[in-house]
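*Asks:* Handing you this structure, nothing more for now.
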Amino acid sequence: MDPIQLLREYAERGSEGAFREVVNRYVDLVFSVALRQTGGHRAMAEEIVQTVFTDLARHVARGRGPLSDPSAHLGGWLHRHTCFAAANARRSEKRRLAREKTAADMNTLHSEPNDSWEALAPALDEAVQRLPSADRGAIVLRVYERPDLRPLGRRLGISDDAAQKRVSRALDRLRDLLAARGAMLTVAALATCLSERAVQAAPAGMAETTA
């Protein structure tokens, strides 16, 4: 039986043997494409193989995929779908690594707060002064005066969403300026460090004495 006939056998009669035969014929193709697409990452390639054949079974059971096009060539469909699954896997892996890096940076920040602050503090205020006026205002309002985002938007004369975007942009720029001075932090770590350490309570009675 040709592959499409085998898939019809599986779709119409639930023949696991027919589907197993399809897998046996095409598993090398799918694995090879997946391996190339992942740069030789065997574990990821194996997961992609599982995904591709699971998707094939799901499509076929619904009369879709290769069965929906009489002229379809199963090898071509599998090649394309493997590339698609590999792209998704690479994006997921990239997000996972980014989350792990952020978590590691946060752990480092909390486990060595003094080191992080000592690297950040000498350059902080100079870097804030180098920000564009709108970004500097957003940082000062958000970090030093600490309103929530709603009044911050009103005080900046913009919407809440725009206020959030402005703060995010300002943090990005501030991070870049600090990095140039040797304070290497992610945006998330910088925001946490600022919220925890940038403002310290003045000595008791100073406000009254000064006033």
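Please note that chains go A, B, ... in the order of the structure tokens, that every chain numbers its residues from 1, and that ligands are numbered from 1 in the order shown.
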So that I can see what lies close to Asp172 (chain A), please list as a VMD selection string the residues with an atom at most 12 Å from it, counting only C-alpha atoms and leaving out residues fewer than 6 positions away in the same chain.

*Replies:* chain A and resid 127 to 128 131 135 to 136 139 165 to 166 178 to 179 185 to 191

*Asks:* Save out the residues we just selected, C-alpha atoms, as an mmCIF file, in the first residue's frame.

*Replies:*
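Once written, out17.cif looks like this:
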```cif
data_model
loop_
_atom_site.group_PDB
_atom_site.id
_atom_site.type_symbol
_atom_site.label_atom_id
_atom_site.label_comp_id
_atom_site.auth_asym_id
_atom_site.auth_seq_id
_atom_site.Cartn_x
_atom_site.Cartn_y
_atom_site.Cartn_z
ATOM 1 C CA ALA A 127 22.971 57.616 33.782
ATOM 2 C CA VAL A 128 19.518 58.916 34.757
ATOM 3 C CA LEU A 131 18.261 59.966 29.589
ATOM 4 C CA ASP A 135 12.341 59.055 29.953
ATOM 5 C CA ARG A 136 14.082 60.704 32.891
ATOM 6 C CA ILE A 139 11.983 56.914 35.768
ATOM 7 C CA LYS A 165 5.613 51.661 27.541
ATOM 8 C CA ARG A 166 7.497 54.810 28.468
ATOM 9 C CA LEU A 178 24.699 51.514 32.948
ATOM 10 C CA ALA A 179 26.093 48.593 30.954
ATOM 11 C CA LEU A 185 22.037 43.836 34.677
ATOM 12 C CA THR A 186 18.970 42.672 32.839
ATOM 13 C CA VAL A 187 16.022 45.050 32.685
ATOM 14 C CA ALA A 188 14.141 42.877 35.183
ATOM 15 C CA ALA A 189 17.091 42.849 37.587
ATOM 16 C CA LEU A 190 17.581 46.595 37.172
ATOM 17 C CA ALA A 191 13.916 47.308 37.915
#
```

*Asks:* Quick one: of A:Phe84, A:Leu156, A:Arg95, A:Asp176, who's nearest to Gln37 (chain A), counting only C-alpha atoms?

*Replies:*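 When distances to Gln37 (chain A) are compared using only C-alpha atoms, the smallest one comes from A:Phe84.
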
*Asks:* Quick one: pull the distance between CA of Arg62 (chain A) and CA of Arg8 (chain A), Å, one decimal.

*Replies:* 10.9 Å

*Asks:* Write out as a ChimeraX atom specification each polymer residue whose atoms come within 8 Å of Ala34 (chain A), counting only C-alpha atoms; drop sequence neighbours fewer than 2 positions from it.

*Replies:* /A:30-32,36-38,45-46,48-49,82-83,86

*Asks:* Please write the residues from the selection above to a file, keeping C-alpha atoms, as a short mmCIF file (atom, residue, chain, number, x, y, z; two decimals), in the first residue's frame.

*Replies:*
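As written to disk, again25.cif reads:
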```
data_model
loop_
_atom_site.label_atom_id
_atom_site.label_comp_id
_atom_site.auth_asym_id
_atom_site.auth_seq_id
_atom_site.Cartn_x
_atom_site.Cartn_y
_atom_site.Cartn_z
CA VAL A 30 11.64 13.59 9.77
CA PHE A 31 14.47 13.01 12.23
CA SER A 32 17.12 14.14 9.74
CA ARG A 36 19.45 19.90 10.88
CA GLN A 37 16.85 22.45 11.91
CA THR A 38 17.96 22.27 15.55
CA ALA A 45 15.00 16.57 17.29
CA GLU A 46 13.48 13.51 18.94
CA ILE A 48 10.03 17.19 17.14
CA VAL A 49 9.65 13.73 15.59
CA THR A 82 8.90 19.21 10.44
CA CYS A 83 10.37 22.61 9.55
CA ALA A 86 11.28 22.84 14.51
#
```

*Asks:* When distances are computed from only C-alpha atoms, which of A:Leu174, A:Gly76, A:Arg155, A:Arg96 shows the smallest separation from Leu124 (chain A)?

*Replies:*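 Looking at the shortest contact to Leu124 (chain A), the residue is A:Leu174.
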
*Asks:* If you count only C-alpha atoms, which residues fall within 8 Å of region 55-61 of chain A, apart from same-chain ones fewer than 2 positions away, as a short mmCIF file (atom, residue, chain, number, x, y, z; two decimals) with N, CA and C atoms, in the first residue's frame?

*Replies:*
```cif
data_model
loop_
_atom_site.label_atom_id
_atom_site.label_comp_id
_atom_site.auth_asym_id
_atom_site.auth_seq_id
_atom_site.Cartn_x
_atom_site.Cartn_y
_atom_site.Cartn_z
N LEU A 7 -2.59 5.76 5.31
CA LEU A 7 -3.21 6.77 6.17
C LEU A 7 -4.74 6.66 6.13
N ARG A 8 -5.28 6.34 4.96
CA ARG A 8 -6.73 6.15 4.88
C ARG A 8 -7.16 4.94 5.70
N TYR A 10 -5.75 3.95 8.36
CA TYR A 10 -5.71 4.39 9.75
C TYR A 10 -6.91 5.28 10.08
N ALA A 11 -7.24 6.20 9.16
CA ALA A 11 -8.34 7.13 9.40
C ALA A 11 -9.69 6.42 9.43
N PHE A 19 -0.58 2.90 10.52
CA PHE A 19 0.11 4.14 10.90
C PHE A 19 1.55 3.85 11.30
N THR A 51 6.26 15.16 17.89
CA THR A 51 5.26 16.18 17.58
C THR A 51 4.72 16.03 16.17
N VAL A 52 5.61 15.83 15.21
CA VAL A 52 5.21 15.76 13.80
C VAL A 52 4.27 14.58 13.56
N PHE A 53 4.62 13.41 14.08
CA PHE A 53 3.77 12.25 13.83
C PHE A 53 2.48 12.30 14.65
N GLY A 63 -9.50 13.91 8.63
CA GLY A 63 -9.58 14.02 7.18
C GLY A 63 -8.83 15.20 6.62
N ARG A 64 -7.89 15.72 7.38
CA ARG A 64 -7.13 16.90 6.95
C ARG A 64 -5.70 16.48 6.62
N GLY A 65 -4.83 17.48 6.49
CA GLY A 65 -3.43 17.18 6.18
C GLY A 65 -3.29 16.56 4.81
N PRO A 66 -2.48 15.53 4.67
CA PRO A 66 -2.25 14.91 3.36
C PRO A 66 -3.52 14.33 2.74
N LEU A 67 -4.49 13.94 3.55
CA LEU A 67 -5.72 13.35 3.00
C LEU A 67 -6.63 14.37 2.36
#
```

*Asks:* Of the candidates A:His73, A:Arg173, A:Arg99, A:Arg90, which one gets nearest to Leu35 (chain A) if we count only C-alpha atoms?

*Replies:*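 Nearest to Leu35 (chain A): A:Arg90.
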
*Asks:* Can you work out which one of A:Ser15, A:Glu21, A:Glu47, A:Gly137 has the shortest atom-to-atom distance to Ala85 (chain A), counting only C-alpha atoms?

*Replies:*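 Nearest to Ala85 (chain A): A:Glu47.
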
*Asks:* Can you measure CA of Ser195 (chain A) to CA of Gln164 (chain A) for me? One decimal in Å is fine.

*Replies:* 15.5 Å
